[in-house]
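Below: one structure, written as structure tokens.
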Number of protein chains: 2
Amino acid sequence: MIPMIFKARILDLETGTSVVLMNETDGDTMNIHPGDRVILRISAKSTVAIVNITGIIEHGTIGLTKDVNDELRARTGEAVEVVHAPQPKSITAIKDKLNGRRLGYDDIYEIVKDAVNKKLDKNELTAFVVALNAFGLDIEEAEYMSVAMVKTGEQLGLKKKRIFDKHSIGGVPGDKTTLLVVPIIAAAGLTIPKTSSRAITSATGTADRAEALMPVDLSAEEMRKVVEKTNGCIVWGGAVHMAPADDIFIKIEYPFSIDPLLLPSILSKKKAAGSTDLVLDIPTGQNAKIKNKEEAWALTKDFVTLGERMGINIRGAVTYGEQPIGYAIGAAAEAREALQTLHYRNTVPDLIDKATSIAGILLEMGGKENGKKLAKNIIDKGLAEQKLRQIISEQGGDPKVKAEDMQIGRYSADIESEFDGRVLSIDNTVLAYSTRLAGAPKMKSAAIIMHKKLGDSVKKGDKLLTIYSDSTSGLKDAERYVIDNAGIVAASGSSMLLKEIHIEKMPQRGFVLER
Amino acid sequence: MIPMIFKARILDLETGTSVVLMNETDGDTMNIHPGDRVILRISAKSTVAIVNITGIIEHGTIGLTKDVNDELRARTGEAVEVVHAPQPKSITAIKDKLNGRRLGYDDIYEIVKDAVNKKLDKNELTAFVVALNAFGLDIEEAEYMSVAMVKTGEQLGLKKKRIFDKHSIGGVPGDKTTLLVVPIIAAAGLTIPKTSSRAITSATGTADRAEALMPVDLSAEEMRKVVEKTNGCIVWGGAVHMAPADDIFIKIEYPFSIDPLLLPSILSKKKAAGSTDLVLDIPTGQNAKIKNKEEAWALTKDFVTLGERMGINIRGAVTYGEQPIGYAIGAAAEAREALQTLHYRNTVPDLIDKATSIAGILLEMGGKENGKKLAKNIIDKGLAEQKLRQIISEQGGDPKVKAEDMQIGRYSADIESEFDGRVLSIDNTVLAYSTRLAGAPKMKSAAIIMHKKLGDSVKKGDKLLTIYSDSTSGLKDAERYVIDNAGIVAASGSSMLLKEIHIEKMPQRGFVLER
């Protein structure tokens, strides 16, 4: 290959990948196609970049994005030697997967490493993820992915023999269980370093809920200090840089509503935190992501099998997922409900039951007896509330925060029953999306408060739920969406038609399971 | 959804897709993720664009690429109303294919239309193509793709009842058959409007070969005029805008060496040109793209079946593909050899045999008898040369061009036999890639001239082939590559080891069949 000398042009452009721009004529001369790699060299410094061909770059000039020039540090006009680079091993491996071949550890490590180092572009990552989705990963490939994702990031490094964790695959709005489970487990003396995600397609992620109470964007070191003092924490997974490849892959999967990397994604983060014991919460129901117990069983089996290979002991918990947990949906409203529940103890029976069930399994995995009863005791004695306030304090929040401090939207709209009868159906996805229309997750005060739940008796004109927002137009959109899409349906006992399906008007759904 | 007003910033950036850039904070406020669509509005004008999130755009500003602003025509600082757009039907269809569902005509038309109108980004097109490759297209999907690709482009519109064509799936270097077949068929009074591609992974495309003799970048209208005068033409397919989606999909497939759209790609272009009768040349051999007769048969069957649905009568021709056709590889050298063959008539027996075989089938499809003999007569009487010169003239070239006018590289290197014996193996891919290293396809003078072919007797020190280039470093790379990768092997009769395979040193191969 014949090397060529180009003049550097520094671009005010950051793409998230090592990309250079080149004129079409120069590309032709060098036999370079868009997507090919080149090696760039200035005296001793060199780096590899992906070529984009564009008309905005003059002949003889090479456009360096910030991503590239952070490594190369060229000055405008400086001479850069450019030569065709051989195909990286990661691309060979991606091509293998595109043709349905299974990958070995080295293949997968190269892909994950190059993804983290910005050496693969979005397009190449998409090809890989779509091929994984089409052909599937076998158990060894899933293990290799998980291990590679751990190795290419930070690890928490707590000096504990047993580390506990819970994970919900999500899909049920208003699920603030984690805000109760973490303080229960920590109060019982077990270690639970919990990282959570923000909302992607849902109304609120646990990180969003917790953020209504305390700062959640801690570094891995800050997180370790909190756990060492309190046995627990609830932080956002995005800032700790554990298994950073996961975030890269999620961004690729999200727009296509596919998630072939679900298992490695979850277990790599648990492994990086040092988890030895994990309860997997699988909300199940026709309204949830997992539709029935068979699906829940199959998913649990996949997790347990992969967990065994990675030294993580996993138990699955199938939970009732037909309707929201408790009455509140939306970050501030949910934080308020969690705090009230820990303080007043028996206001929200389904939330308490779910939290003590999950916590109970963890406590029994940790060698305690009568886990659920013990968990309930810890709430009833006020130890869980006390522990939560200690965690809030250590994470930099106000330990004296009150439920009433949580601001809910200024404007509100009631959805009322049109019939005497009972609540026949609640659509989780419609309520979640409606909360988003009201402003969630960005607007923490956007909320839905349920007044009635499945099976409750109603009279015509009774409030079924109330939507809150600080935006009048957002409120209107949210209200219309709930009504148009039958978010909650009350009818007389003999009314059987819940909803007519218009195939051309499928509501926007997020299929991605929580990680 | 809450609309927001942004200040327009006009970017000096052309991406080939309708893309706008937005600040992360603004994206969060609007609940917009990278890859989501927005509707942009300035008074009566509006357009849809895909959002990229980047730090280089200030809060409150929206960056408009040239692709977007060609439609919107905003001025710097002008107010643009931005609102979340619903998911386009094409994306819903792509997601369906990602999950292995088959697509209907409307789905496929939406995807092809949005691809041509720059409304799908590279990433989305990659997801579609990778999913097609993984799940395959059934015959109806292939027909839908072909029809949609014809409908979204120009059509030639020749007023002829029967239109003939040939197509080679390629893979054999030095294959200048088309330069002979087109004038033979046109001289026999049949219509053959041939479009060809430039080299993608090969050393030379037919468009490159023809370009050594005449201009090939004609518009559809110019092409029609040439065919109306001469019955034939040899033009580059890229400039005629027939089935323009094909070029978009090829660019997506190429970097991943996959080609799920091979059949629709080829037949949509033939259909747009009005073809009714087609011979498909399938060079077959362990050194070619198609390895054996069974593969060739299966490919032909797919073509014939799809052809029937599209009203194109197709016959397959399995041709010997173990070694280059004739002696010359490289655009100028091949044009020279083709011209010499038509002029002197029996210098290159394998080329004449192949050209008259293919032309013979076409002539018989057109109702002539003894096609191959007739084709040979047309060459022998000088009618083919005369017709080629008429086509050269009508396409804007010099009809008096001589074989000696074709310039071959100034510098040369000989590869010599190390043994007394016979030529045991020739690797097509190695010779093609070596010609590329010498400078092809950009450098038309880069060439390999074979002195010996398979089975020829050699003595130690005999020249096996000579490489030509105008670049000394390119020549050196090409020479080294042929030697290191056993491009041509001569040995004594009892020598059985042709080559040791190093799996970590797999030569770069182009798997994409010619279109």
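Chain labels run A, B, ... following the order of the structure tokens; each chain numbers its residues from 1, and ligands are numbered from 1 in the order shown.
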
- Message: Please list as a PyMOL selection string every residue within 12 Å of Thr152 (chain B), counting only C-alpha atoms and excluding residues in the same chain fewer than 5 positions away.
- Response: chain B and resi 108-117+145-147+241-246+268-269+272

Output C-alpha atoms of each residue in that selection to a file, as a short mmCIF file (atom, residue, chain, number, x, y, z; two decimals), in the first residue's frame.
```cif
data_model
loop_
_atom_site.label_atom_id
_atom_site.label_comp_id
_atom_site.auth_asym_id
_atom_site.auth_seq_id
_atom_site.Cartn_x
_atom_site.Cartn_y
_atom_site.Cartn_z
CA ILE B 108 -40.47 -3.26 1.68
CA TYR B 109 -41.53 -0.33 -0.49
CA GLU B 110 -41.41 2.00 2.56
CA ILE B 111 -37.88 0.84 3.39
CA VAL B 112 -36.60 1.23 -0.18
CA LYS B 113 -38.32 4.60 -0.65
CA ASP B 114 -36.96 5.99 2.63
CA ALA B 115 -33.49 4.65 1.76
CA VAL B 116 -33.52 6.47 -1.58
CA ASN B 117 -34.87 9.66 0.02
CA MET B 145 -37.47 -5.77 -3.19
CA SER B 146 -36.82 -5.95 -6.93
CA VAL B 147 -40.08 -4.20 -7.84
CA HIS B 241 -29.99 6.34 -11.83
CA MET B 242 -31.81 3.13 -12.60
CA ALA B 243 -32.61 1.25 -9.34
CA PRO B 244 -30.62 3.77 -7.26
CA ALA B 245 -31.43 1.90 -4.03
CA ASP B 246 -29.04 -0.78 -5.15
CA SER B 268 -33.94 -4.73 -10.60
CA LYS B 269 -31.28 -3.13 -12.79
CA ALA B 272 -35.26 -1.02 -15.20
#
```

Output the contact residues of chain A with respect to chain B at a cut-off of 7 Å, based on only C-alpha atoms, as a short mmCIF file (atom, residue, chain, number, x, y, z; two decimals) with C-alpha atoms, in the first residue's frame.
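Contents of the output file result.cif:
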```cif
data_model
loop_
_atom_site.label_atom_id
_atom_site.label_comp_id
_atom_site.auth_asym_id
_atom_site.auth_seq_id
_atom_site.Cartn_x
_atom_site.Cartn_y
_atom_site.Cartn_z
CA MET A 1 0.00 0.00 0.00
CA ILE A 2 1.26 3.43 -0.92
CA ASP A 12 -15.20 20.87 15.72
CA LEU A 13 -16.90 17.47 15.72
CA GLU A 14 -17.12 14.65 18.25
CA ASP A 28 -10.15 6.67 -4.74
CA THR A 29 -6.43 7.27 -5.09
CA GLY A 35 -15.61 2.37 6.71
CA THR A 54 -17.32 13.53 2.26
CA ILE A 56 -16.74 19.05 2.60
CA LYS A 95 -18.15 -10.90 10.06
CA LEU A 98 -22.86 -12.19 10.62
CA LYS A 122 -22.05 2.52 15.44
CA ASN A 123 -22.70 0.77 12.19
CA THR A 126 -25.26 -2.52 15.01
CA ALA A 127 -24.27 -5.31 12.62
CA VAL A 130 -28.44 -7.55 15.05
CA ALA A 131 -26.54 -10.74 14.19
CA ALA A 134 -30.83 -13.23 14.88
CA PRO A 255 -33.60 2.16 18.86
CA PHE A 256 -34.29 -1.31 17.46
CA LEU A 437 -45.95 12.41 28.02
CA LYS A 442 -36.75 14.34 32.96
CA SER A 473 -49.64 20.75 27.27
CA GLY A 474 -47.81 17.68 28.60
CA ASP A 477 -51.24 14.82 25.99
#
```

- Find the residues near Lys119 (chain A): any atom within 8 Å, counting only C-alpha atoms, skip ones fewer than 4 places away on the same chain, and give them as JSON, numbers by chain. {"A": [17, 18, 48, 49, 50, 114, 115]}

- Message: With DSSP run on the backbone, what are the strand (DSSP E or B) residues within region 259-372 of chain B? I'd like them as a list of chain:residue names.
- Response: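 Here is the list: B:Asp277, B:Leu278, B:Val279, B:Leu280, B:Asp281, B:Ile282, B:Pro283, B:Thr284, B:Ile290, B:Asn313, B:Ile314, B:Arg315, B:Gly316, B:Ala317, B:Val318, B:Thr319, B:Tyr320, B:Ala328, B:Ile329.
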
Residues at most 9 Å from Ile314 (chain B), counting only C-alpha atoms, excluding those fewer than 4 positions away in the same chain, as a short mmCIF file (atom, residue, chain, number, x, y, z; two decimals) with C-alpha atoms, in the first residue's frame?
```
data_model
loop_
_atom_site.label_atom_id
_atom_site.label_comp_id
_atom_site.auth_asym_id
_atom_site.auth_seq_id
_atom_site.Cartn_x
_atom_site.Cartn_y
_atom_site.Cartn_z
CA THR B 276 -36.65 -9.66 -21.39
CA ASP B 277 -33.85 -12.19 -21.97
CA LEU B 278 -30.78 -12.68 -19.83
CA VAL B 279 -27.81 -15.04 -19.76
CA LEU B 280 -26.21 -15.43 -16.38
CA THR B 300 -29.37 -20.33 -11.39
CA PHE B 303 -32.49 -16.44 -10.62
CA VAL B 304 -34.83 -18.29 -12.98
CA THR B 305 -37.62 -18.41 -10.36
CA GLY B 307 -36.96 -13.91 -13.28
CA GLU B 308 -40.24 -15.71 -14.07
#
```

- Message: Residues within 9 Å of Lys270 (chain A), please, as a list in words. Count only C-alpha atoms; anything in the same chain fewer than 4 positions from it doesn't count.
- Response: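 Once the adjacent positions are removed, what remains is Asp165, Lys194, Thr195, Ser265, Ile266, Gly274, Ser275, Thr276, Leu278 and Ile312 of chain A.
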
- Message: Which residue is closest to Asp281 (chain A)? Choose from A:Ile62, A:Leu40, A:Val235, A:Ile361 and count only C-alpha atoms.
- Response: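 For Asp281 (chain A), the nearest of the candidates is A:Ile361.
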